[in-house]
>>> print(open('coords36.txt').read())   # compact mmCIF, C-alpha atoms and all ligand atoms
# COMPACT_ATOMS: atom_id res chain seq x y z
CA MET A 1 9.89 52.64 10.74
CA PRO A 2 11.10 55.96 12.11
CA SER A 3 11.28 56.05 15.89
CA TYR A 4 8.31 58.36 16.19
CA VAL A 5 5.52 58.83 13.68
CA PRO A 6 2.97 61.46 14.66
CA ALA A 7 -0.73 60.92 14.08
CA LEU A 8 -2.18 62.13 10.80
CA PRO A 9 -4.82 64.81 11.16
CA ASP A 10 -8.41 63.96 10.15
CA VAL A 11 -7.75 60.25 9.83
CA ILE A 12 -9.51 57.80 12.08
CA ARG A 13 -7.32 56.51 14.91
CA TYR A 14 -7.28 53.00 16.36
CA THR A 15 -5.51 52.57 19.65
CA TRP A 16 -5.04 48.81 19.36
CA TRP A 17 -4.85 46.25 16.57
CA GLY A 18 -8.01 44.48 17.63
CA ASP A 19 -10.06 47.49 16.58
CA VAL A 20 -8.63 47.67 13.06
CA PRO A 21 -11.30 46.58 10.55
CA GLU A 22 -10.54 43.75 8.17
CA GLY A 23 -9.03 44.73 4.87
CA LEU A 24 -6.81 47.53 6.26
CA PHE A 25 -3.08 47.04 6.27
CA THR A 26 0.07 48.99 6.95
CA LYS A 27 2.56 49.68 4.21
CA THR A 28 4.83 46.98 5.65
CA ASP A 29 2.03 44.40 5.56
CA LEU A 30 1.23 45.22 1.94
CA ASP A 31 4.88 45.15 1.03
CA ARG A 32 5.23 41.61 2.37
CA GLN A 33 2.44 40.53 0.06
CA GLY A 34 4.00 42.20 -2.97
CA PHE A 35 1.75 45.28 -3.00
CA LYS A 36 1.97 48.98 -2.31
CA PRO A 37 -0.78 51.36 -1.24
CA GLY A 38 -2.99 52.49 -4.10
CA SER A 39 -4.78 55.26 -2.21
CA ASP A 40 -4.47 57.61 0.76
CA PRO A 41 -4.56 56.14 4.26
CA VAL A 42 -8.05 55.58 5.62
CA GLY A 43 -7.01 54.94 9.20
CA GLN A 44 -4.05 54.72 11.56
CA VAL A 45 -3.13 52.47 14.42
CA LEU A 46 -1.17 53.24 17.56
CA TYR A 47 2.10 51.41 18.10
CA HIS A 48 5.05 51.78 20.45
CA GLY A 49 2.77 53.82 22.67
CA ASN A 50 3.29 57.11 20.80
CA SER A 51 3.45 56.46 17.06
CA TYR A 52 0.72 55.91 14.49
CA ALA A 53 1.07 53.65 11.45
CA PRO A 54 -1.10 54.67 8.50
CA LEU A 55 -3.53 51.99 7.27
CA TYR A 56 -4.45 51.41 3.64
CA GLU A 57 -7.24 49.53 1.94
CA ALA A 58 -6.05 46.20 0.61
CA ALA A 59 -8.71 46.34 -2.10
CA LYS A 60 -7.05 49.41 -3.63
CA ALA A 61 -3.47 48.18 -3.29
CA VAL A 62 -1.45 47.75 -6.46
CA PRO A 63 1.34 45.31 -7.33
CA LYS A 64 4.75 46.75 -6.52
CA ARG A 65 6.31 45.96 -9.82
CA THR A 66 4.69 46.90 -13.04
CA CYS A 67 5.60 44.74 -15.97
CA SER A 68 5.61 45.11 -19.72
CA PRO A 69 2.72 43.62 -21.71
CA ALA A 70 5.06 40.83 -22.81
CA GLN A 71 6.01 40.01 -19.21
CA ARG A 72 2.37 40.20 -18.20
CA ALA A 73 1.46 37.76 -20.96
CA VAL A 74 4.11 35.31 -19.74
CA LEU A 75 2.81 35.60 -16.18
CA ASP A 76 -0.79 35.15 -17.28
CA ARG A 77 0.16 32.09 -19.30
CA ALA A 78 2.10 30.63 -16.38
CA ARG A 79 -0.86 31.23 -14.09
CA GLU A 80 -3.17 29.66 -16.63
CA LEU A 81 -0.95 26.57 -16.93
CA GLN A 82 -1.20 26.01 -13.19
CA TYR A 83 -4.69 24.68 -13.80
CA GLN A 84 -3.94 22.42 -16.73
CA CYS A 85 -2.50 18.91 -16.53
CA ARG A 86 0.62 18.78 -18.62
CA ARG A 87 0.13 15.13 -19.44
CA CYS A 88 -3.49 14.87 -20.55
CA GLY A 89 -4.46 18.54 -20.74
CA VAL A 90 -7.46 18.27 -18.42
CA ARG A 91 -8.37 21.53 -16.65
CA ARG A 92 -9.05 21.81 -12.95
CA HIS A 93 -10.54 24.76 -11.09
CA TYR A 94 -7.64 24.72 -8.61
CA PRO A 95 -3.90 25.00 -9.24
CA LEU A 96 -2.27 21.60 -9.73
CA GLY A 97 0.96 22.49 -7.97
CA ARG A 98 4.31 20.79 -8.46
CA GLY A 99 4.57 18.57 -11.49
CA ARG A 100 1.30 19.95 -12.86
CA TRP A 101 -0.35 16.58 -13.22
CA CYS A 102 -3.98 15.85 -12.53
CA GLU A 103 -4.61 13.07 -10.00
CA PRO A 104 -5.13 10.14 -12.40
CA CYS A 105 -2.01 11.20 -14.32
CA SER A 106 0.10 11.43 -11.19
CA TYR A 107 -1.10 7.95 -10.19
CA THR A 108 -0.19 6.67 -13.62
CA ALA A 109 3.24 8.25 -13.35
CA ALA A 110 3.81 6.60 -9.97
CA LEU A 111 2.69 3.26 -11.37
CA TYR A 112 4.97 3.70 -14.32
CA ALA A 113 7.94 4.36 -12.06
CA ASP A 114 7.28 1.04 -10.28
CA HIS A 115 6.67 -0.69 -13.58
CA ALA A 116 10.01 0.51 -14.93
CA LYS A 117 11.75 -0.54 -11.71
CA ALA A 118 10.22 -4.01 -11.97
CA ARG A 119 11.65 -4.40 -15.44
CA GLN A 120 15.07 -3.28 -14.30
CA PHE A 121 14.86 -5.68 -11.39
CA ALA A 122 13.82 -8.58 -13.66
CA ARG A 123 16.83 -7.85 -15.84
CA GLU A 124 19.11 -8.06 -12.83
CA LEU A 125 17.64 -11.44 -11.95
CA VAL A 126 17.91 -12.80 -15.48
CA ASP A 127 21.53 -11.65 -15.72
CA ASP A 128 22.49 -13.11 -12.36
CA LEU A 129 23.87 -16.63 -12.83
CA ASP A 130 23.31 -17.32 -9.13
CA ALA A 131 19.60 -16.38 -9.13
CA VAL A 132 17.37 -19.42 -8.65
CA LEU A 133 13.66 -19.83 -8.22
CA LEU A 134 12.57 -22.02 -5.32
CA VAL A 135 9.02 -23.25 -5.89
CA VAL A 136 6.75 -25.32 -3.68
CA GLY A 137 3.92 -27.11 -5.50
CA ALA A 138 0.70 -27.46 -3.54
CA GLY A 139 -2.98 -27.85 -4.32
CA PRO A 140 -5.26 -24.84 -4.14
CA GLY A 141 -5.95 -23.09 -0.84
CA GLU A 142 -4.04 -21.94 2.20
CA CYS A 143 -4.16 -25.30 3.96
CA ALA A 144 -2.98 -27.59 1.17
CA SER A 145 0.07 -29.71 1.94
CA PRO A 146 3.23 -29.12 -0.05
CA GLU A 147 3.68 -31.92 -2.57
CA THR A 148 6.65 -31.12 -4.78
CA ILE A 149 9.70 -28.87 -4.75
CA ALA A 150 11.62 -27.43 -7.69
CA VAL A 151 14.66 -25.23 -8.18
CA ILE A 152 15.04 -23.45 -11.50
CA ARG A 153 17.90 -21.21 -12.57
CA VAL A 154 16.43 -17.91 -13.72
CA HIS A 155 19.15 -17.13 -16.26
CA ASP A 156 18.54 -20.07 -18.62
CA GLN A 157 15.38 -21.50 -17.08
CA GLU A 158 17.18 -24.75 -16.41
CA LEU A 159 15.55 -27.11 -13.96
CA LEU A 160 18.22 -27.75 -11.29
CA HIS A 161 16.07 -29.90 -9.07
CA ALA A 162 12.60 -31.43 -8.97
CA GLY A 163 11.48 -33.73 -6.21
CA GLU A 164 8.82 -34.78 -3.76
CA ALA A 165 8.27 -32.66 -0.69
CA GLY A 166 7.57 -35.65 1.56
CA THR A 167 5.64 -35.38 4.79
CA TYR A 168 6.58 -33.20 7.74
CA GLY A 169 8.61 -35.10 10.33
CA THR A 170 9.61 -37.98 8.00
CA ALA A 171 13.03 -38.93 6.66
CA GLU A 172 11.83 -38.03 3.16
CA ARG A 173 11.11 -34.41 4.20
CA GLN A 174 14.44 -34.19 6.01
CA ALA A 175 16.23 -35.44 2.90
CA ALA A 176 14.41 -32.83 0.83
CA LEU A 177 15.52 -30.06 3.20
CA ASP A 178 19.11 -31.30 3.18
CA ARG A 179 19.04 -31.33 -0.60
CA LEU A 180 17.85 -27.73 -0.73
CA ASP A 181 20.59 -26.67 1.69
CA LYS A 182 23.11 -28.13 -0.73
CA ILE A 183 21.62 -26.88 -4.01
CA LEU A 184 20.85 -23.38 -2.77
CA GLU A 185 24.12 -22.68 -1.01
CA GLY A 186 25.47 -19.33 -2.19
CA CYS A 187 22.45 -18.73 -4.44
CA ARG A 188 20.27 -15.67 -4.76
CA VAL A 189 16.99 -17.32 -3.84
CA VAL A 190 13.83 -16.06 -5.51
CA HIS A 191 10.47 -17.01 -4.03
CA GLU A 192 7.20 -17.31 -5.85
CA THR A 193 4.91 -15.24 -3.67
CA ASP A 194 4.78 -12.74 -0.86
CA ARG A 195 0.99 -12.70 -0.71
CA GLY A 196 0.09 -16.33 -0.19
CA PRO A 197 -1.32 -18.88 -0.39
CA VAL A 198 1.01 -19.86 2.45
CA SER A 199 0.89 -23.47 1.23
CA ARG A 200 3.33 -22.30 -1.46
CA TYR A 201 5.78 -20.57 0.89
CA PRO A 202 9.05 -22.48 1.32
CA SER A 203 8.51 -21.95 5.08
CA ILE A 204 5.65 -24.43 4.92
CA LEU A 205 8.28 -27.18 4.58
CA VAL A 206 9.50 -26.56 8.15
CA THR A 207 6.08 -25.83 9.64
CA PRO A 208 4.32 -28.64 11.55
CA PRO A 209 0.92 -29.43 9.99
CA GLY A 210 -1.87 -27.30 11.46
CA GLN A 211 0.52 -24.66 12.80
CA PRO A 212 0.87 -21.18 11.33
CA VAL A 213 3.85 -20.27 9.21
CA SER A 214 6.16 -18.20 11.39
CA SER A 215 9.27 -16.16 10.79
CA GLU A 216 10.67 -17.70 13.99
CA ARG A 217 11.71 -20.71 11.90
CA ASP A 218 13.47 -18.59 9.26
CA SER A 219 16.85 -19.19 10.86
CA LEU A 220 16.62 -22.94 10.19
CA HIS A 221 17.66 -22.54 6.54
CA THR A 222 19.04 -19.57 4.64
CA TRP A 223 16.61 -20.15 1.74
CA LEU A 224 13.47 -19.75 3.87
CA ARG A 225 13.62 -16.04 3.14
CA PRO A 226 13.97 -14.65 -0.36
CA HIS A 227 17.06 -12.67 -1.22
CA ARG A 228 16.41 -9.12 -0.04
CA GLU A 229 18.52 -6.19 -1.09
CA ASN A 230 16.55 -3.69 0.97
CA VAL A 231 13.12 -3.25 2.49
CA GLY A 232 11.45 -2.41 -0.82
CA LYS A 233 13.25 -4.99 -2.88
CA ALA A 234 12.76 -8.65 -2.08
CA ASP A 235 12.97 -11.35 -4.73
CA CYS A 236 9.38 -12.53 -5.26
CA VAL A 237 7.83 -13.24 -8.63
CA THR A 238 4.37 -12.00 -7.60
CA ARG A 239 5.77 -8.66 -6.48
CA LEU A 240 7.67 -8.14 -9.70
CA TRP A 241 4.78 -9.25 -11.81
CA ARG A 242 2.13 -7.08 -10.15
CA GLN A 243 4.36 -4.02 -10.45
CA TRP A 244 5.04 -4.80 -14.06
CA PHE A 245 1.41 -5.60 -14.91
CA ALA A 246 0.22 -2.58 -12.92
CA TRP A 247 -3.36 -3.59 -12.24
CA THR A 248 -5.24 -1.29 -9.89
CA ARG A 249 -8.70 -1.59 -8.47
CA ASP A 250 -9.63 1.87 -9.76
CA GLU A 251 -7.97 4.75 -11.53
CA CYS A 252 -7.38 6.62 -8.29
CA SER A 253 -4.78 4.20 -7.02
CA SER A 254 -1.03 4.27 -7.34
CA MET A 255 -0.60 0.84 -5.78
CA ALA A 256 -0.48 -2.09 -8.15
CA SER A 257 -1.89 -5.39 -6.95
CA GLU A 258 -2.69 -8.82 -8.32
CA PRO A 259 -5.82 -8.61 -10.46
CA TRP A 260 -8.73 -9.73 -8.34
CA ASP A 261 -12.00 -11.15 -9.51
CA TRP A 262 -14.67 -11.74 -6.88
CA ASP A 263 -15.76 -14.97 -8.59
CA CYS A 264 -12.39 -16.47 -9.47
CA GLY A 265 -10.06 -14.93 -6.88
CA THR A 266 -6.61 -13.77 -7.90
CA THR A 267 -5.59 -14.01 -11.53
CA LEU A 268 -1.91 -14.74 -11.95
CA ALA A 269 0.13 -15.05 -15.12
CA TRP A 270 1.16 -18.59 -14.20
CA GLU A 271 -0.48 -21.67 -12.79
CA GLN A 272 -0.36 -22.76 -9.18
CA THR A 273 -0.55 -26.55 -9.25
CA THR A 274 0.97 -29.44 -7.36
CA GLN A 275 3.72 -29.60 -9.99
CA ALA A 276 6.42 -27.18 -8.82
CA ALA A 277 8.72 -27.80 -11.78
CA ALA A 278 6.17 -26.87 -14.43
CA ASP A 279 4.89 -23.87 -12.45
CA GLY A 280 8.43 -22.68 -11.82
CA GLN A 281 9.44 -22.91 -15.45
CA MET A 282 6.46 -20.77 -16.35
CA MET A 283 7.60 -18.19 -13.79
CA ALA A 284 11.17 -18.21 -15.03
CA ALA A 285 9.92 -17.63 -18.58
CA LEU A 286 7.74 -14.81 -17.29
CA LEU A 287 10.73 -13.12 -15.62
CA GLN A 288 12.51 -13.32 -18.95
CA ARG A 289 9.56 -11.69 -20.74
CA ILE A 290 9.38 -8.92 -18.13
CA ALA A 291 13.12 -8.31 -18.55
CA ASP A 292 12.64 -8.20 -22.33
CA GLY A 293 9.65 -5.88 -22.01
CA THR A 294 7.42 -8.21 -24.04
CA GLU A 295 5.07 -9.26 -21.25
CA PRO A 296 1.75 -7.48 -21.81
CA VAL A 297 0.60 -5.05 -19.15
CA TRP A 298 -2.92 -4.37 -17.99
CA GLU A 299 -4.98 -2.62 -20.68
CA ARG A 300 -5.62 0.47 -18.58
CA ALA A 301 -1.90 0.87 -17.89
CA ALA A 302 -1.96 3.82 -20.22
CA TRP A 303 1.76 4.23 -20.82
CA THR A 304 1.70 1.47 -23.42
CA VAL A 305 0.06 3.88 -25.83
CA ASP A 306 1.04 7.35 -24.70
CA GLY A 307 4.79 7.38 -24.35
CA HIS A 308 5.41 5.28 -21.27
CA GLY A 309 3.76 7.50 -18.71
CA ILE A 310 6.25 10.27 -19.33
CA PRO A 311 4.64 13.65 -19.92
CA ALA A 312 4.81 14.76 -23.52
CA VAL A 313 5.98 18.29 -22.59
ZN ZN B 1 -3.88 14.47 -16.52
>>> encode(input="coords36.txt", output="structure tokens")
Amino acid sequence: MPSYVPALPDVIRYTWWGDVPEGLFTKTDLDRQGFKPGSDPVGQVLYHGNSYAPLYEAAKAVPKRTCSPAQRAVLDRARELQYQCRRCGVRRHYPLGRGRWCEPCSYTAALYADHAKARQFARELVDDLDAVLLVVGAGPGECASPETIAVIRVHDQELLHAGEAGTYGTAERQAALDRLDKILEGCRVVHETDRGPVSRYPSILVTPPGQPVSSERDSLHTWLRPHRENVGKADCVTRLWRQWFAWTRDECSSMASEPWDWDCGTTLAWEQTTQAAADGQMMAALLQRIADGTEPVWERAAWTVDGHGIPAV
């Protein structure tokens, strides 16, 4: 702005910004928005105590750059595409923003990313000769007592140990714990579940009957916690399986969980019985199928039919 701009004759003057009607802007304001005045000034506003800035009607402003019909067509097309999902083609009445996916498609994409990670993770486990599944067999319910213990090598599904869990506080239980210390030394320990029932947590073996399972006892044995590479990656079969299977309660969820049926409870891909060895061998086989990519996913996990969740564009 020049240091002094005299008032225009015959144009309405405003002495402060608060009086300026809506829809009137200075040239600088219009410029910031990519426009230039499209008509003569219809007002002026005092600034710096002695200068007047001309005001223009926003409604008559024109875009600063004019473009060729071809450029215009490209812009129009780009603007049009803002409203269309690039995965399923659905149209919204608002721009879809980055990625240009409608909500259900972006949820599917997020689920697919986890699904793909789960497969990668299962492959790592199957390839790792030190990865072993530690399974506690217990009857149904949170309060059931642990009955059997099994250790299965993930790589070849070989049963490394199967035995009785014994009763808390007895020599039999102590012997079972000592055995696990020996067998699991230096192993990458995989647990069955991170979502309960707690009667199947290895921690139940060091928990006095009637007391809650607590992480305070985790230091008693290295195998009480599953191998954990980082916060988002702990070795649990349920976690891997739910991410692979990708069940969600509704289509507006990007968080996979175990399929839940109000009548039957959780539906898992393996049995939870008192026989740890048989249950564990089923889980080891399942990890192999996830690694191979042959384990079926939930029917609404759409990527099985449309190119693995990856947009076709
Ligand atoms: Zn879509």
>>> residues_around(input="coords36.txt", residues="Gln243 (chain A)", least_positions_apart="2", cutoff="7 Å", atoms="only C-alpha atoms", output="PDB file with C-alpha atoms, in the coordinates of the input")
ATOM      1  CA  ASP A 114       7.280   1.040 -10.280  1.00  0.00           C
ATOM      2  CA  HIS A 115       6.670  -0.690 -13.580  1.00  0.00           C
ATOM      3  CA  ALA A 118      10.220  -4.010 -11.970  1.00  0.00           C
ATOM      4  CA  ARG A 239       5.770  -8.660  -6.480  1.00  0.00           C
ATOM      5  CA  LEU A 240       7.670  -8.140  -9.700  1.00  0.00           C
ATOM      6  CA  TRP A 241       4.780  -9.250 -11.810  1.00  0.00           C
ATOM      7  CA  PHE A 245       1.410  -5.600 -14.910  1.00  0.00           C
ATOM      8  CA  ALA A 246       0.220  -2.580 -12.920  1.00  0.00           C
ATOM      9  CA  ALA A 256      -0.480  -2.090  -8.150  1.00  0.00           C
TER      10      ALA A 256
END
>>> residues_near_ligand(input="coords36.txt", ligand="ligand ZN 1 (chain B)", cutoff="6 Å", atoms="only C-alpha atoms and all ligand atoms", output="list of chain:residue names")
A:Cys85, A:Arg87, A:Cys88, A:Gly89, A:Val90, A:Trp101, A:Cys102, A:Cys105
>>> atom_distance(input="coords36.txt", atom1="CA of Ala301 (chain A)", atom2="CA of Gly97 (chain A)")
24.0 Å
>>> atom_distance(input="coords36.txt", atom1="CA of Asp263 (chain A)", atom2="CA of Ala276 (chain A)")
25.3 Å
>>> closest_residue(input="coords36.txt", among="A:Gly99, A:Ala138, A:Ser219, A:Arg65", to="Asp279 (chain A)", atoms="all atoms listed in the file")
A:Ala138
>>> residues_around(input="coords36.txt", residues="Thr266 (chain A)", least_positions_apart="6", cutoff="12 Å", atoms="all atoms listed in the file", output="number ranges by chain")
A: 140-141, 195-197, 238, 242, 247, 257-260, 272
>>> atom_distance(input="coords36.txt", atom1="CA of Asp178 (chain A)", atom2="CA of Ala150 (chain A)")
13.8 Å
